[in-house]
Amino acid sequence: MDIPFLYQTLLKLLTGVPLTLQLAVSSVAVGAILAIILALARLSGLRLLARPASFYVFVFRSTPLLVQIFLIYHGLGQFHAVRTSFLWPVLREPYWCALIALTLNTAAYSSEIVRGALLSVPPGQVEAARACGMSSFTLYRRIVFPLALRHALPGYGNEFILMIKSTALASIITLMEVTGLAAELISESFRAIEILIVAAAIYLFINFVITRLVQWAEYALSAELRPPPAPGKGAAL
């Protein structure tokens with residue numbers, strides 16, 4: 001191992017970290033909104049809403065993300081109507097195509113996490129809230145969503161980690177994130193092992209930080225995980 005070369009490679013690959021994080025955070029944030037809409041549509045009991053949402057989830061969960069990126073980046077440009085529409089300035093840019101593909105993909109997976117979390121809310125608590133006269137909006141805001149968030153947090157943490165790793169596929173459509181820069185360095189130096197080790201270490205560190213943040217959030221939102229207050233302090237309160 002050439003330590004100076006590893007250090008220079010690290011400095012080079014770190015310049016791609018902002019783009020990696022930007023793609024992952026943006027896709028997960030927008031995908032979370034779509035996931036909530038899809039989950040509520042599937043739980044609504046209305047076929048007009050549930051069936052299209054189920055079909056969307058089935059399609060994006062059953063096809064590879066790489067194929068979805070190619071279809072959006074290369075496929076949509078084959079249609080003259082798309083090239084002459086107001087969407088073309090967006091769809092011709094690799095960044096937006098990658099972001100759209102990642103967002104649509106994570107929304108499908110996250111909707112299942114949200115749906116499972118909503119179904120895991122104990123019916124007794126919902127019935128008790130309704131017995132207290134809570135409206136549906138207040139019920140979801142104060143009871144259902146907070147409890148569902150605790151149940152969904154571990155799964156959503158895993159989805160965020162998967163999105164961090166999935167951003168590597170954006171390099172295939174010329175985006176210079178961590179993997180894209182690594183591929184460029186390999187083509188220049190032909191030293192694949194050292195470069196890929198550094199790239200893997202960067203992804204490992206990012207996901208380690210995310211894992212710790214999710215664990216902290218889970219601890220903060222779960223009262224049963226925290227130790228009870230001292231007797232004296234509880235009495236004073």
# chains A, B, ... in the order shown; residues from 1 in each chain; ligands from 1
call {"tool": "residues_around", "arguments": {"residues": "segment 123-131 of chain A", "least_positions_apart": "3", "cutoff": "10 Å", "atoms": "only C-alpha atoms", "output": "PyMOL selection string"}}
result
chain A and resi 119-120+134-136+138-140+142-144
call {"tool": "select_by_dssp", "arguments": {"residues": "segment 15-160 of chain A", "states": "alpha helix (DSSP H)", "output": "PyMOL selection string"}}
result
chain A and resi 17-43+47-62+65-70+80-83+88-91+94-119+123-131+136-139+145-160
call {"tool": "residues_around", "arguments": {"residues": "segment 69-74 of chain A", "least_positions_apart": "4", "cutoff": "12 Å", "atoms": "only C-alpha atoms", "output": "ChimeraX atom specification"}}
result
/A:60,63-65,78-79,82-83,88,90-105,166-174
call {"tool": "write_last_selection", "arguments": {"atoms": "N, CA, C and O atoms", "output": "short mmCIF file (atom, residue, chain, number, x, y, z; two decimals), in the first residue's frame"}}
result
data_model
loop_
_atom_site.label_atom_id
_atom_site.label_comp_id
_atom_site.auth_asym_id
_atom_site.auth_seq_id
_atom_site.Cartn_x
_atom_site.Cartn_y
_atom_site.Cartn_z
N PHE A 60 -41.86 -0.24 -8.77
CA PHE A 60 -40.55 0.30 -8.37
C PHE A 60 -39.81 -0.63 -7.42
O PHE A 60 -38.58 -0.55 -7.33
N THR A 63 -38.32 -3.73 -9.91
CA THR A 63 -37.36 -3.47 -11.00
C THR A 63 -36.09 -2.87 -10.41
O THR A 63 -36.14 -2.15 -9.41
N PRO A 64 -34.93 -3.15 -11.02
CA PRO A 64 -33.65 -2.63 -10.48
C PRO A 64 -33.57 -1.10 -10.58
O PRO A 64 -34.07 -0.50 -11.55
N LEU A 65 -32.95 -0.51 -9.59
CA LEU A 65 -32.76 0.94 -9.60
C LEU A 65 -31.93 1.38 -10.80
O LEU A 65 -32.18 2.44 -11.38
N GLN A 78 -36.06 9.80 -25.71
CA GLN A 78 -36.38 9.24 -27.02
C GLN A 78 -37.72 9.75 -27.56
O GLN A 78 -38.01 9.59 -28.74
N PHE A 79 -38.53 10.35 -26.69
CA PHE A 79 -39.84 10.83 -27.09
C PHE A 79 -39.77 12.30 -27.48
O PHE A 79 -39.29 13.14 -26.70
N VAL A 82 -41.47 14.73 -25.11
CA VAL A 82 -40.71 15.08 -23.91
C VAL A 82 -39.65 16.12 -24.22
O VAL A 82 -39.45 17.08 -23.47
N ARG A 83 -38.95 15.95 -25.35
CA ARG A 83 -37.88 16.88 -25.72
C ARG A 83 -38.42 18.28 -26.02
O ARG A 83 -37.67 19.25 -25.91
N TRP A 88 -38.12 19.19 -20.37
CA TRP A 88 -36.84 18.79 -20.97
C TRP A 88 -35.63 19.46 -20.33
O TRP A 88 -34.58 18.81 -20.15
N VAL A 90 -35.07 19.95 -17.39
CA VAL A 90 -34.78 19.17 -16.19
C VAL A 90 -34.34 17.76 -16.55
O VAL A 90 -33.33 17.24 -16.05
N LEU A 91 -35.07 17.10 -17.45
CA LEU A 91 -34.82 15.70 -17.77
C LEU A 91 -33.55 15.48 -18.59
O LEU A 91 -33.10 14.34 -18.72
N ARG A 92 -32.99 16.53 -19.14
CA ARG A 92 -31.74 16.35 -19.89
C ARG A 92 -30.51 16.47 -19.00
O ARG A 92 -29.39 16.24 -19.46
N GLU A 93 -30.70 16.84 -17.74
CA GLU A 93 -29.59 16.98 -16.81
C GLU A 93 -29.40 15.69 -16.01
O GLU A 93 -30.36 15.18 -15.42
N PRO A 94 -28.19 15.14 -15.97
CA PRO A 94 -27.96 13.88 -15.23
C PRO A 94 -28.32 13.99 -13.75
O PRO A 94 -28.86 13.03 -13.18
N TYR A 95 -28.05 15.13 -13.13
CA TYR A 95 -28.33 15.27 -11.70
C TYR A 95 -29.81 15.08 -11.40
O TYR A 95 -30.19 14.33 -10.51
N TRP A 96 -30.65 15.77 -12.17
CA TRP A 96 -32.09 15.70 -11.90
C TRP A 96 -32.64 14.33 -12.24
O TRP A 96 -33.55 13.83 -11.55
N CYS A 97 -32.13 13.70 -13.27
CA CYS A 97 -32.58 12.35 -13.61
C CYS A 97 -32.23 11.37 -12.49
O CYS A 97 -33.05 10.52 -12.10
N ALA A 98 -31.01 11.48 -11.96
CA ALA A 98 -30.61 10.61 -10.85
C ALA A 98 -31.46 10.88 -9.62
O ALA A 98 -31.91 9.94 -8.93
N LEU A 99 -31.72 12.15 -9.33
CA LEU A 99 -32.51 12.50 -8.15
C LEU A 99 -33.94 12.00 -8.29
O LEU A 99 -34.52 11.48 -7.33
N ILE A 100 -34.52 12.13 -9.48
CA ILE A 100 -35.88 11.65 -9.70
C ILE A 100 -35.95 10.13 -9.52
O ILE A 100 -36.86 9.61 -8.86
N ALA A 101 -34.99 9.43 -10.10
CA ALA A 101 -34.99 7.97 -9.99
C ALA A 101 -34.81 7.52 -8.54
O ALA A 101 -35.53 6.62 -8.07
N LEU A 102 -33.89 8.12 -7.83
CA LEU A 102 -33.67 7.77 -6.42
C LEU A 102 -34.90 8.09 -5.58
O LEU A 102 -35.27 7.31 -4.69
N THR A 103 -35.53 9.22 -5.84
CA THR A 103 -36.71 9.62 -5.07
C THR A 103 -37.87 8.66 -5.30
O THR A 103 -38.53 8.21 -4.35
N LEU A 104 -38.15 8.35 -6.56
CA LEU A 104 -39.25 7.44 -6.87
C LEU A 104 -39.00 6.05 -6.30
O LEU A 104 -39.92 5.38 -5.82
N ASN A 105 -37.74 5.62 -6.32
CA ASN A 105 -37.40 4.30 -5.80
C ASN A 105 -37.56 4.24 -4.29
O ASN A 105 -38.19 3.32 -3.75
N SER A 166 -26.81 3.63 -2.79
CA SER A 166 -27.42 3.64 -4.13
C SER A 166 -26.97 4.84 -4.95
O SER A 166 -27.03 4.80 -6.19
N THR A 167 -26.50 5.90 -4.31
CA THR A 167 -26.02 7.05 -5.07
C THR A 167 -24.82 6.69 -5.93
O THR A 167 -24.51 7.42 -6.88
N ALA A 168 -24.16 5.57 -5.62
CA ALA A 168 -23.03 5.13 -6.44
C ALA A 168 -23.47 4.87 -7.88
O ALA A 168 -22.67 5.00 -8.81
N LEU A 169 -24.74 4.50 -8.07
CA LEU A 169 -25.23 4.23 -9.43
C LEU A 169 -25.32 5.50 -10.26
O LEU A 169 -25.38 5.43 -11.49
N ALA A 170 -25.35 6.67 -9.60
CA ALA A 170 -25.42 7.92 -10.35
C ALA A 170 -24.16 8.16 -11.18
O ALA A 170 -24.19 8.93 -12.14
N SER A 171 -23.08 7.49 -10.80
CA SER A 171 -21.83 7.66 -11.56
C SER A 171 -21.98 7.13 -12.99
O SER A 171 -21.22 7.54 -13.88
N ILE A 172 -22.92 6.24 -13.21
CA ILE A 172 -23.10 5.65 -14.54
C ILE A 172 -23.62 6.69 -15.52
O ILE A 172 -23.39 6.56 -16.73
N ILE A 173 -24.29 7.72 -15.03
CA ILE A 173 -24.78 8.77 -15.93
C ILE A 173 -23.94 10.04 -15.73
O ILE A 173 -24.47 11.16 -15.74
N THR A 174 -22.67 9.85 -15.50
CA THR A 174 -21.61 10.89 -15.52
C THR A 174 -21.60 11.80 -14.31
O THR A 174 -20.90 12.82 -14.34
#
call {"tool": "residues_around", "arguments": {"residues": "Lys12 of chain A", "least_positions_apart": "5", "cutoff": "10 Å", "atoms": "only C-alpha atoms", "output": "mmCIF file with C-alpha atoms, in the first residue's frame"}}
result
data_model
loop_
_atom_site.group_PDB
_atom_site.id
_atom_site.type_symbol
_atom_site.label_atom_id
_atom_site.label_comp_id
_atom_site.auth_asym_id
_atom_site.auth_seq_id
_atom_site.Cartn_x
_atom_site.Cartn_y
_atom_site.Cartn_z
ATOM 1 C CA LEU A 6 -3.989 6.696 -0.424
ATOM 2 C CA TYR A 7 -3.939 10.128 1.181
ATOM 3 C CA VAL A 17 -19.042 13.538 -0.662
ATOM 4 C CA VAL A 178 -17.582 9.403 -4.688
ATOM 5 C CA LEU A 181 -14.459 10.086 -8.952
ATOM 6 C CA ALA A 182 -13.116 6.670 -7.968
ATOM 7 C CA LEU A 185 -8.996 7.815 -10.804
#
call {"tool": "atom_distance", "arguments": {"atom1": "atom CA of Ala108 of chain A", "atom2": "atom CA of Phe58 of chain A"}}
result
7.8 Å
call {"tool": "atom_distance", "arguments": {"atom1": "atom CA of Glu184 of chain A", "atom2": "atom CA of Ile161 of chain A"}}
result
24.1 Å
call {"tool": "atom_distance", "arguments": {"atom1": "atom CA of Ser110 of chain A", "atom2": "atom CA of Ala200 of chain A"}}
result
25.2 Å
